[in-house]
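S.K.: One file is attached below, coords_5.txt, containing compact mmCIF, C-alpha atoms.
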```txt
# COMPACT_ATOMS: atom_id res chain seq x y z
CA MET A 1264 98.15 113.06 77.82
CA LYS A 1265 97.89 115.34 80.87
CA ALA A 1266 99.88 114.58 84.02
CA TRP A 1267 100.94 116.53 87.09
CA ARG A 1268 104.72 116.78 87.46
CA VAL A 1269 106.95 117.93 90.30
CA HIS A 1270 110.23 119.47 89.13
CA ALA A 1271 111.45 120.77 92.51
CA ASN A 1272 110.51 120.02 96.11
CA GLY A 1273 108.21 122.34 98.03
CA GLU A 1274 104.57 122.89 98.94
CA PRO A 1275 102.27 120.96 96.56
CA ARG A 1276 100.40 124.00 95.25
CA ALA A 1277 103.70 125.68 94.40
CA VAL A 1278 105.59 122.81 92.79
CA MET A 1279 102.96 120.67 91.02
CA ARG A 1280 102.55 121.52 87.30
CA LEU A 1281 99.94 120.11 84.92
CA GLU A 1282 101.80 119.21 81.72
CA GLU A 1283 101.39 117.37 78.45
CA VAL A 1284 103.51 114.21 78.45
CA PRO A 1285 103.81 111.24 76.07
CA ASP A 1286 101.23 108.49 76.46
CA PRO A 1287 102.71 105.52 78.36
CA GLN A 1288 102.89 102.11 76.71
CA PRO A 1289 102.66 98.78 78.55
CA GLY A 1290 105.71 96.55 78.43
CA PRO A 1291 105.89 92.81 79.14
CA GLY A 1292 103.92 91.91 82.24
CA GLN A 1293 102.33 95.35 82.43
CA LEU A 1294 98.87 96.87 82.06
CA LEU A 1295 97.91 100.27 80.67
CA LEU A 1296 95.16 101.82 82.80
CA ARG A 1297 92.88 104.79 82.31
CA VAL A 1298 92.72 106.59 85.63
CA ARG A 1299 89.08 106.64 86.71
CA ALA A 1300 89.90 108.10 90.15
CA ALA A 1301 93.10 108.83 92.09
CA ASN A 1302 92.95 109.08 95.87
CA ILE A 1303 95.07 111.73 97.59
CA ASN A 1304 97.16 110.44 100.48
CA PHE A 1305 99.27 112.43 102.95
CA PRO A 1306 102.42 110.79 101.48
CA ASP A 1307 101.64 112.62 98.22
CA ALA A 1308 102.23 115.88 100.07
CA LEU A 1309 105.39 114.51 101.67
CA LEU A 1310 106.64 113.43 98.25
CA CYS A 1311 106.18 116.96 96.95
CA ARG A 1312 108.09 118.32 99.94
CA GLY A 1313 110.87 115.76 99.59
CA GLN A 1314 110.09 114.46 103.09
CA TYR A 1315 108.89 110.95 102.27
CA GLN A 1316 111.04 107.88 102.93
CA VAL A 1317 111.09 107.29 99.17
CA ARG A 1318 112.51 110.08 97.00
CA PRO A 1319 111.68 109.56 93.33
CA PRO A 1320 113.90 111.28 90.76
CA LEU A 1321 112.74 114.68 89.58
CA PRO A 1322 110.53 115.31 87.74
CA PHE A 1323 107.91 112.86 89.00
CA THR A 1324 104.15 112.45 89.06
CA PRO A 1325 102.60 111.95 92.53
CA GLY A 1326 99.55 109.80 93.17
CA VAL A 1327 100.10 106.46 94.87
CA GLU A 1328 96.61 104.94 94.71
CA ILE A 1329 94.02 104.71 91.92
CA CYS A 1330 90.97 103.00 90.58
CA GLY A 1331 91.53 102.40 86.89
CA GLU A 1332 90.19 100.71 83.77
CA VAL A 1333 92.39 98.33 81.80
CA LEU A 1334 92.99 99.77 78.32
CA ALA A 1335 95.74 97.47 77.07
CA VAL A 1336 97.52 94.31 78.20
CA GLY A 1337 101.27 93.89 77.74
CA GLU A 1338 102.92 90.73 76.51
CA GLY A 1339 102.59 87.90 79.03
CA ALA A 1340 100.48 89.95 81.44
CA ALA A 1341 97.30 88.67 83.05
CA GLY A 1342 94.46 91.10 82.54
CA GLU A 1343 91.26 91.85 80.66
CA THR A 1344 90.56 95.08 78.83
CA GLY A 1345 87.67 96.98 80.38
CA ALA A 1346 88.21 95.52 83.84
CA ARG A 1347 87.96 97.93 86.78
CA VAL A 1348 90.91 97.50 89.11
CA LEU A 1349 92.78 99.00 92.06
CA ALA A 1350 96.45 99.79 91.53
CA GLN A 1351 99.40 101.59 93.07
CA PRO A 1352 101.29 103.14 90.14
CA PRO A 1353 105.05 102.86 90.71
CA LEU A 1354 106.90 106.14 91.10
CA PRO A 1355 108.12 108.26 89.40
CA ASP A 1356 105.01 107.88 87.21
CA GLY A 1357 102.16 108.12 89.72
CA GLY A 1358 98.42 108.35 89.39
CA PHE A 1359 97.71 112.08 89.02
CA ALA A 1360 97.55 111.59 85.27
CA ALA A 1361 95.14 110.49 82.55
CA ARG A 1362 96.82 107.08 82.12
CA VAL A 1363 99.35 104.95 83.98
CA VAL A 1364 101.30 101.74 83.47
CA VAL A 1365 101.40 99.21 86.32
CA ASP A 1366 102.70 95.69 86.87
CA ALA A 1367 99.84 93.29 86.22
CA ALA A 1368 100.75 91.18 89.24
CA THR A 1369 100.08 94.09 91.61
CA VAL A 1370 96.51 95.02 90.60
CA ARG A 1371 93.41 93.84 92.42
CA PRO A 1372 89.75 93.86 91.40
CA ALA A 1373 87.84 96.96 92.49
CA PRO A 1374 84.96 96.10 94.86
CA GLU A 1375 81.66 96.28 92.99
CA ALA A 1376 79.97 97.83 96.03
CA LEU A 1377 82.08 100.99 95.76
CA ASP A 1378 82.08 103.72 93.11
CA ASP A 1379 85.32 104.84 91.48
CA ALA A 1380 86.26 107.45 94.09
CA GLU A 1381 85.40 105.15 97.00
CA ALA A 1382 87.33 102.28 95.45
CA ALA A 1383 90.37 104.50 94.87
CA ALA A 1384 90.33 105.39 98.58
CA LEU A 1385 90.04 101.83 99.85
CA HIS A 1386 93.35 100.07 99.50
CA ILE A 1387 96.09 101.91 101.40
CA GLY A 1388 94.00 103.52 104.16
CA TYR A 1389 91.89 100.48 104.98
CA GLN A 1390 94.75 98.02 104.58
CA THR A 1391 96.78 100.18 106.98
CA GLY A 1392 93.88 100.30 109.41
CA TRP A 1393 93.21 96.57 109.19
CA PHE A 1394 96.85 95.59 109.74
CA GLY A 1395 97.24 98.18 112.48
CA LEU A 1396 94.17 97.12 114.42
CA HIS A 1397 94.21 93.38 113.79
CA ARG A 1398 97.77 92.26 113.05
CA ARG A 1399 99.61 94.73 115.28
CA ALA A 1400 97.19 95.70 118.08
CA ARG A 1401 95.08 92.52 118.11
CA LEU A 1402 91.88 94.48 118.75
CA GLN A 1403 89.17 92.37 120.38
CA ALA A 1404 85.38 92.73 120.45
CA GLY A 1405 84.29 94.62 123.55
CA GLU A 1406 87.50 96.63 123.85
CA THR A 1407 87.68 100.41 123.63
CA LEU A 1408 89.45 101.92 120.62
CA LEU A 1409 90.61 105.54 120.64
CA VAL A 1410 91.07 107.00 117.14
CA HIS A 1411 92.81 110.33 116.55
CA ALA A 1412 91.86 112.41 113.49
CA ALA A 1413 88.70 110.33 113.32
CA ALA A 1414 87.16 112.44 110.54
CA GLY A 1415 90.25 112.23 108.33
CA GLY A 1416 90.97 109.70 105.61
CA VAL A 1417 93.05 107.30 107.71
CA GLY A 1418 91.12 107.86 110.94
CA SER A 1419 87.69 107.37 109.39
CA ALA A 1420 88.81 103.99 108.04
CA ALA A 1421 89.96 102.96 111.53
CA VAL A 1422 86.62 104.04 113.01
CA GLN A 1423 84.67 101.84 110.58
CA LEU A 1424 87.02 98.89 111.03
CA GLY A 1425 86.86 99.25 114.80
CA LYS A 1426 83.08 99.19 114.79
CA ALA A 1427 83.13 96.19 112.45
CA ALA A 1428 85.35 94.41 114.99
CA GLY A 1429 82.87 95.02 117.79
CA ALA A 1430 84.86 97.69 119.64
CA THR A 1431 83.57 100.78 121.40
CA VAL A 1432 85.09 103.67 119.44
CA ILE A 1433 86.10 107.05 120.83
CA GLY A 1434 86.87 109.51 118.04
CA VAL A 1435 89.07 112.59 118.49
CA VAL A 1436 88.61 115.46 116.03
CA GLY A 1437 89.33 119.17 115.67
CA GLY A 1438 86.22 121.33 115.37
CA ALA A 1439 82.44 121.03 115.36
CA ASP A 1440 82.13 120.11 111.68
CA LYS A 1441 84.52 117.19 112.03
CA ALA A 1442 82.76 116.14 115.25
CA ARG A 1443 79.51 115.85 113.30
CA VAL A 1444 81.22 113.71 110.67
CA ALA A 1445 82.69 111.43 113.36
CA ARG A 1446 79.26 110.87 114.87
CA GLU A 1447 77.84 110.01 111.46
CA LEU A 1448 80.69 107.50 111.01
CA GLY A 1449 79.48 105.67 114.12
CA CYS A 1450 81.80 106.83 116.90
CA ASP A 1451 80.29 106.00 120.29
CA VAL A 1452 82.00 109.01 121.88
CA VAL A 1453 83.33 112.08 120.04
CA LEU A 1454 85.89 114.43 121.60
CA ASP A 1455 87.01 117.79 120.23
CA ARG A 1456 90.71 118.20 120.92
CA ARG A 1457 90.27 121.98 120.81
CA THR A 1458 87.74 122.18 123.63
CA ASP A 1459 87.63 118.86 125.52
CA ASP A 1460 90.02 117.56 128.16
CA LEU A 1461 90.92 114.44 126.20
CA VAL A 1462 92.58 112.51 129.02
CA ALA A 1463 89.80 113.14 131.53
CA ALA A 1464 87.07 112.43 128.98
CA VAL A 1465 88.58 109.08 127.92
CA LYS A 1466 88.95 107.98 131.52
CA GLU A 1467 85.37 109.01 132.24
CA ALA A 1468 84.03 107.17 129.18
CA THR A 1469 85.91 103.99 130.19
CA GLY A 1470 85.14 104.02 133.90
CA GLY A 1471 88.70 105.00 134.69
CA ARG A 1472 90.27 102.12 132.75
CA GLY A 1473 91.46 103.99 129.70
CA ALA A 1474 91.56 102.96 126.02
CA ASP A 1475 92.63 99.41 125.23
CA VAL A 1476 93.89 100.37 121.77
CA VAL A 1477 94.92 103.78 120.47
CA TYR A 1478 95.14 104.33 116.71
CA ASP A 1479 97.24 107.46 116.31
CA PRO A 1480 98.15 108.47 112.75
CA VAL A 1481 99.00 111.98 113.98
CA GLY A 1482 101.79 111.71 116.56
CA GLY A 1483 103.11 114.76 118.40
CA GLU A 1484 100.72 116.09 121.04
CA ALA A 1485 98.14 113.41 120.23
CA TYR A 1486 100.61 110.71 121.25
CA ALA A 1487 101.57 112.57 124.43
CA LYS A 1488 97.94 112.61 125.55
CA SER A 1489 97.31 109.01 124.48
CA VAL A 1490 99.86 107.58 126.91
CA LYS A 1491 98.08 109.38 129.75
CA CYS A 1492 94.82 107.53 129.10
CA ILE A 1493 95.99 104.10 127.91
CA ALA A 1494 94.62 101.07 129.72
CA PHE A 1495 96.58 98.36 131.50
CA GLU A 1496 98.04 96.15 128.76
CA GLY A 1497 96.90 98.71 126.20
CA ARG A 1498 98.42 99.02 122.72
CA ILE A 1499 99.27 102.21 120.83
CA VAL A 1500 99.73 102.15 117.04
CA VAL A 1501 101.74 105.25 116.17
CA GLY A 1502 102.07 107.53 113.15
CA PHE A 1503 103.38 111.01 112.40
CA ALA A 1504 101.00 112.88 110.08
CA GLY A 1505 101.19 115.81 112.49
CA GLY A 1506 104.83 116.26 111.51
CA ALA A 1507 106.47 115.08 114.73
CA ILE A 1508 107.49 111.44 115.05
CA PRO A 1509 106.85 110.35 118.66
CA THR A 1510 109.92 109.80 120.85
CA PRO A 1511 108.33 107.71 123.60
CA ALA A 1512 109.74 107.47 127.11
CA LEU A 1513 110.12 103.72 127.44
CA ASN A 1514 110.27 103.93 131.23
CA HIS A 1515 106.65 105.15 131.10
CA ALA A 1516 105.60 102.17 128.97
CA LEU A 1517 107.42 99.89 131.41
CA VAL A 1518 105.74 101.32 134.50
CA LYS A 1519 102.24 101.44 132.99
CA ASN A 1520 102.57 98.11 131.14
CA TYR A 1521 101.46 99.13 127.66
CA ALA A 1522 102.87 98.41 124.20
CA ILE A 1523 104.02 100.87 121.54
CA LEU A 1524 103.55 99.44 118.06
CA GLY A 1525 105.09 100.65 114.85
CA LEU A 1526 103.31 100.01 111.58
CA HIS A 1527 104.87 100.13 108.12
CA TRP A 1528 102.12 98.64 105.98
CA GLY A 1529 104.22 98.78 102.82
CA LEU A 1530 106.55 96.11 104.22
CA TYR A 1531 103.77 93.54 104.05
CA ASN A 1532 103.82 93.84 100.27
CA THR A 1533 107.31 92.34 100.24
CA LYS A 1534 107.43 90.39 103.51
CA ASP A 1535 103.96 88.81 103.46
CA PRO A 1536 102.08 89.58 100.20
CA ALA A 1537 99.61 86.76 100.83
CA ALA A 1538 98.41 88.65 103.91
CA VAL A 1539 97.77 91.73 101.76
CA ASP A 1540 95.70 89.63 99.34
CA ALA A 1541 93.73 88.09 102.21
CA CYS A 1542 93.09 91.54 103.65
CA HIS A 1543 91.77 92.78 100.29
CA GLU A 1544 89.33 89.88 100.19
CA GLU A 1545 88.16 90.72 103.71
CA LEU A 1546 87.76 94.41 102.89
CA THR A 1547 85.81 93.55 99.73
CA LYS A 1548 83.42 91.44 101.82
CA LEU A 1549 82.98 94.21 104.38
CA ALA A 1550 82.29 96.70 101.59
CA ALA A 1551 79.68 94.37 100.06
CA GLN A 1552 78.02 94.12 103.48
CA GLY A 1553 77.94 97.91 103.76
CA VAL A 1554 80.07 97.79 106.91
CA ILE A 1555 82.87 99.93 105.44
CA LYS A 1556 82.56 102.72 102.91
CA PRO A 1557 85.35 105.26 102.38
CA LEU A 1558 84.34 108.74 103.46
CA ILE A 1559 84.75 110.99 100.40
CA GLY A 1560 85.09 114.62 101.41
CA GLY A 1561 85.37 115.85 97.84
CA ARG A 1562 85.79 114.84 94.22
CA VAL A 1563 87.88 117.20 92.10
CA PRO A 1564 88.85 117.20 88.41
CA LEU A 1565 92.45 116.56 87.39
CA ALA A 1566 92.99 120.30 86.88
CA GLU A 1567 92.41 120.93 90.62
CA ALA A 1568 94.68 118.19 91.95
CA ALA A 1569 97.43 120.52 93.22
CA ASP A 1570 95.02 122.55 95.34
CA ALA A 1571 93.50 119.35 96.71
CA VAL A 1572 96.90 117.90 97.66
CA GLN A 1573 97.66 121.18 99.43
CA ARG A 1574 94.42 120.90 101.43
CA VAL A 1575 95.45 117.43 102.56
CA ALA A 1576 98.90 118.75 103.45
CA ASP A 1577 97.34 121.56 105.49
CA GLY A 1578 94.97 119.21 107.33
CA THR A 1579 91.84 121.10 106.30
CA SER A 1580 90.10 118.25 104.46
CA VAL A 1581 87.48 115.85 105.79
CA GLY A 1582 87.64 112.20 104.76
CA ARG A 1583 89.29 111.60 101.41
CA LEU A 1584 89.80 114.02 98.57
CA VAL A 1585 89.81 112.14 95.26
CA VAL A 1586 90.89 113.28 91.81
CA VAL A 1587 88.33 112.20 89.21
CA PRO A 1588 89.47 113.16 85.68
CA THR A 1589 86.74 114.55 83.44
CA ALA A 1590 86.03 112.89 80.10
CA GLU A 1591 88.08 115.56 78.35
CA GLU A 1592 90.99 115.26 80.81
CA ALA A 1593 91.03 111.48 80.41
CA ARG A 1594 91.73 111.64 76.67
```
Can you dump the structure from the file as structure tokens?
M.R.:
Amino acid sequence: MKAWRVHANGEPRAVMRLEEVPDPQPGPGQLLLRVRAANINFPDALLCRGQYQVRPPLPFTPGVEICGEVLAVGEGAAGETGARVLAQPPLPDGGFAARVVVDAATVRPAPEALDDAEAAALHIGYQTGWFGLHRRARLQAGETLLVHAAAGGVGSAAVQLGKAAGATVIGVVGGADKARVARELGCDVVLDRRTDDLVAAVKEATGGRGADVVYDPVGGEAYAKSVKCIAFEGRIVVGFAGGAIPTPALNHALVKNYAILGLHWGLYNTKDPAAVDACHEELTKLAAQGVIKPLIGGRVPLAEAADAVQRVADGTSVGRLVVVPTAEEAR
């Protein structure tokens, strides 16, 4: 079968190679899946660069999130051939391939309301958003939520979840095209970080109060501006997709009385897996109601995966880029 492999760390376009590899076989407790769609996440780019917190042995196949079809069921595994499921293929054998093997206990049913690409883009981004906004920041109806990179994959999920929670959402984007996308997503206020005075605009939109919750997957300069327009008893959920992990001045948080919240969604899989299952059920309901729907900025064949991962790494994509193998590639 065909699979992308990384033999040395570097920029995705330079180090990802499409190769022929042996077909995987399911062992006890495992399922063999045909990859119907593989969502591209920023960690895929970090994995290629060798900058992710997990460093799989070389060579490895990136791709941490897929929608797949069960082809075969290993001994003792729970599963039904033909079922459409969501899965996170364990590294070093990720999802940018025709087929993958996963532990049966880790798969979840794909929401019927979403197509393959949308389903592939649901789990990590929306789970991260849901835990960030609800478990960590305790977002309440009527509060103001500020979302950085609102037209991106992670940010667009937070926008939809914030609106579903009854919040007023201010979206921050870079450029007119992304501003249009943010408005279509439902942002109540859209700010262009390239042309707008973010701090002044947030204060104006909130009557001087500031944002109650900031969802910042970017870090760096975005975080620096967020703390200047955070409300009394506000909460900031931080990330570092911009490349710079925030180093907050805690004296500022003390004086202004706001909270800085870290979020490592992956820990919930080991520390509180029941919460992850409950979140999936909630997201499936929201998808069925049409309240959330992953924003797909592009669907590409398996042969174009390296270029697509590079676009995500460079920050030039809108929404989610998803690898959808053609019928020939899936053989």
S.K.: I'd like to know which of A:Pro1372, A:Pro1480, A:Pro1285, A:Pro1306 is closest to Asp1540 in chain A, using only C-alpha atoms.
M.R.: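 Ranked by minimum distance to Asp1540 in chain A, first place goes to A:Pro1372.
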S.K.: Would you pick out the contacts of range 1357-1367 of chain A at 8 Å or less, using only C-alpha atoms, so that residues sharing its chain but fewer than 6 positions from it are not included, and give the list as a PyMOL selection string?
M.R.: chain A and resi 1264-1267+1286-1289+1292-1298+1301+1323-1329+1340-1342+1350-1351+1565+1568+1586+1588+1592-1594
S.K.: Compile the contact shell of Asn1304 in chain A as a PyMOL selection string: residues with an atom at most 10 Å away, counting all atoms listed in the file, same-chain residues fewer than 3 positions apart removed.
M.R.: chain A and resi 1301+1307-1309+1325-1328+1384+1387-1388+1416-1417+1572+1575-1576+1583-1585
S.K.: Take the residues that were just selected and, keeping C-alpha atoms, output them as a PDB file, in the coordinates of the input.
M.R.:
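Resulting contents of result.pdb:
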```pdb
ATOM      1  CA  ALA A1301      93.100 108.830  92.090  1.00  0.00           C
ATOM      2  CA  ASP A1307     101.640 112.620  98.220  1.00  0.00           C
ATOM      3  CA  ALA A1308     102.230 115.880 100.070  1.00  0.00           C
ATOM      4  CA  LEU A1309     105.390 114.510 101.670  1.00  0.00           C
ATOM      5  CA  PRO A1325     102.600 111.950  92.530  1.00  0.00           C
ATOM      6  CA  GLY A1326      99.550 109.800  93.170  1.00  0.00           C
ATOM      7  CA  VAL A1327     100.100 106.460  94.870  1.00  0.00           C
ATOM      8  CA  GLU A1328      96.610 104.940  94.710  1.00  0.00           C
ATOM      9  CA  ALA A1384      90.330 105.390  98.580  1.00  0.00           C
ATOM     10  CA  ILE A1387      96.090 101.910 101.400  1.00  0.00           C
ATOM     11  CA  GLY A1388      94.000 103.520 104.160  1.00  0.00           C
ATOM     12  CA  GLY A1416      90.970 109.700 105.610  1.00  0.00           C
ATOM     13  CA  VAL A1417      93.050 107.300 107.710  1.00  0.00           C
ATOM     14  CA  VAL A1572      96.900 117.900  97.660  1.00  0.00           C
ATOM     15  CA  VAL A1575      95.450 117.430 102.560  1.00  0.00           C
ATOM     16  CA  ALA A1576      98.900 118.750 103.450  1.00  0.00           C
ATOM     17  CA  ARG A1583      89.290 111.600 101.410  1.00  0.00           C
ATOM     18  CA  LEU A1584      89.800 114.020  98.570  1.00  0.00           C
ATOM     19  CA  VAL A1585      89.810 112.140  95.260  1.00  0.00           C
TER      20      VAL A1585
END
```
S.K.: Provide the CA of Leu1310 in chain A to CA of Val1410 in chain A distance in Å, to one decimal place.
M.R.: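 If I compute the distance from CA of Leu1310 in chain A to CA of Val1410 in chain A, I get 25.3 Å.
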S.K.: Neighbours of Arg1574 in chain A within 12 Å (all atoms listed in the file; same-chain residues fewer than 4 positions away dropped), as a PyMOL selection string?
M.R.: chain A and resi 1274-1276+1303-1305+1307-1308+1415+1560-1561+1563+1567-1570+1578-1585
S.K.: Tell me which of A:Leu1546, A:Pro1353, A:Leu1558, A:Gly1470 sits closest to Ala1413 in chain A, counting only C-alpha atoms.
M.R.: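 Closest to Ala1413 in chain A, using only C-alpha atoms: A:Leu1558.
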S.K.: Would you please work out which residue, of A:His1543, A:His1527, A:Arg1472, A:Lys1426, is nearest to Val1501 in chain A when using only C-alpha atoms?
M.R.: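 Comparing A:His1543, A:His1527, A:Arg1472, A:Lys1426 against Val1501 in chain A, the winner is A:His1527.
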S.K.: Could you state the separation of CA of Asn1302 in chain A and CA of Ala1571 in chain A in Å, given to one decimal place?
M.R.: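 These atoms are spaced 10.3 Å apart.
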S.K.: Using only C-alpha atoms, determine which residues lie at most 7 Å from Ile1523 in chain A, disregarding the query and same-chain residues fewer than 5 positions distant; provide the list as a PyMOL selection string.
M.R.: chain A and resi 1498-1500
S.K.: Have a look at A:Asp1475, A:Gln1423, A:Val1348, A:Phe1394 and name the one nearest to Val1554 in chain A; count all atoms listed in the file.
M.R.: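 Closest candidate: A:Gln1423.
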S.K.: Might you pull out every residue within 12 Å of Tyr1389 in chain A, with all atoms listed in the file counted and same-chain residues fewer than 3 positions away left off, and present them as a ChimeraX atom specification?
M.R.: /A:1381-1386,1392-1397,1416-1425,1528,1539,1542-1547,1549-1550,1555-1558,1583
S.K.: For CA of Asn1520 in chain A and CA of Ala1400 in chain A, quote the distance in Å rounded to one decimal.
M.R.: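 Calculated distance between CA of Asn1520 in chain A and CA of Ala1400 in chain A is 14.3 Å.
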S.K.: May I ask which of the residues A:Leu1517, A:Leu1354, A:Val1436, A:Ala1468 is the closest one to Ala1485 in chain A, counting all atoms listed in the file?
M.R.: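 Checking each of A:Leu1517, A:Leu1354, A:Val1436, A:Ala1468 against Ala1485 in chain A, counting all atoms listed in the file, the winner is A:Val1436.
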S.K.: Considering all atoms listed in the file, state which residue in the set A:Val1477, A:Ala1445, A:Ala1277, A:Val1269 is at the smallest distance from Pro1322 in chain A.
M.R.: A:Val1269
S.K.: Pull the neighbourhood of (92.0, 123.9, 119.4) for me: all residues within 12 Å in file coordinates, counting all atoms listed in the file, as a list in words.
M.R.: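 The requested residues, written out, are Val1435, Val1436, Gly1437, Gly1438, Ala1439, Leu1454, Asp1455, Arg1456, Arg1457, Thr1458, Asp1459, Asp1460, Leu1461 and Glu1484 of chain A.
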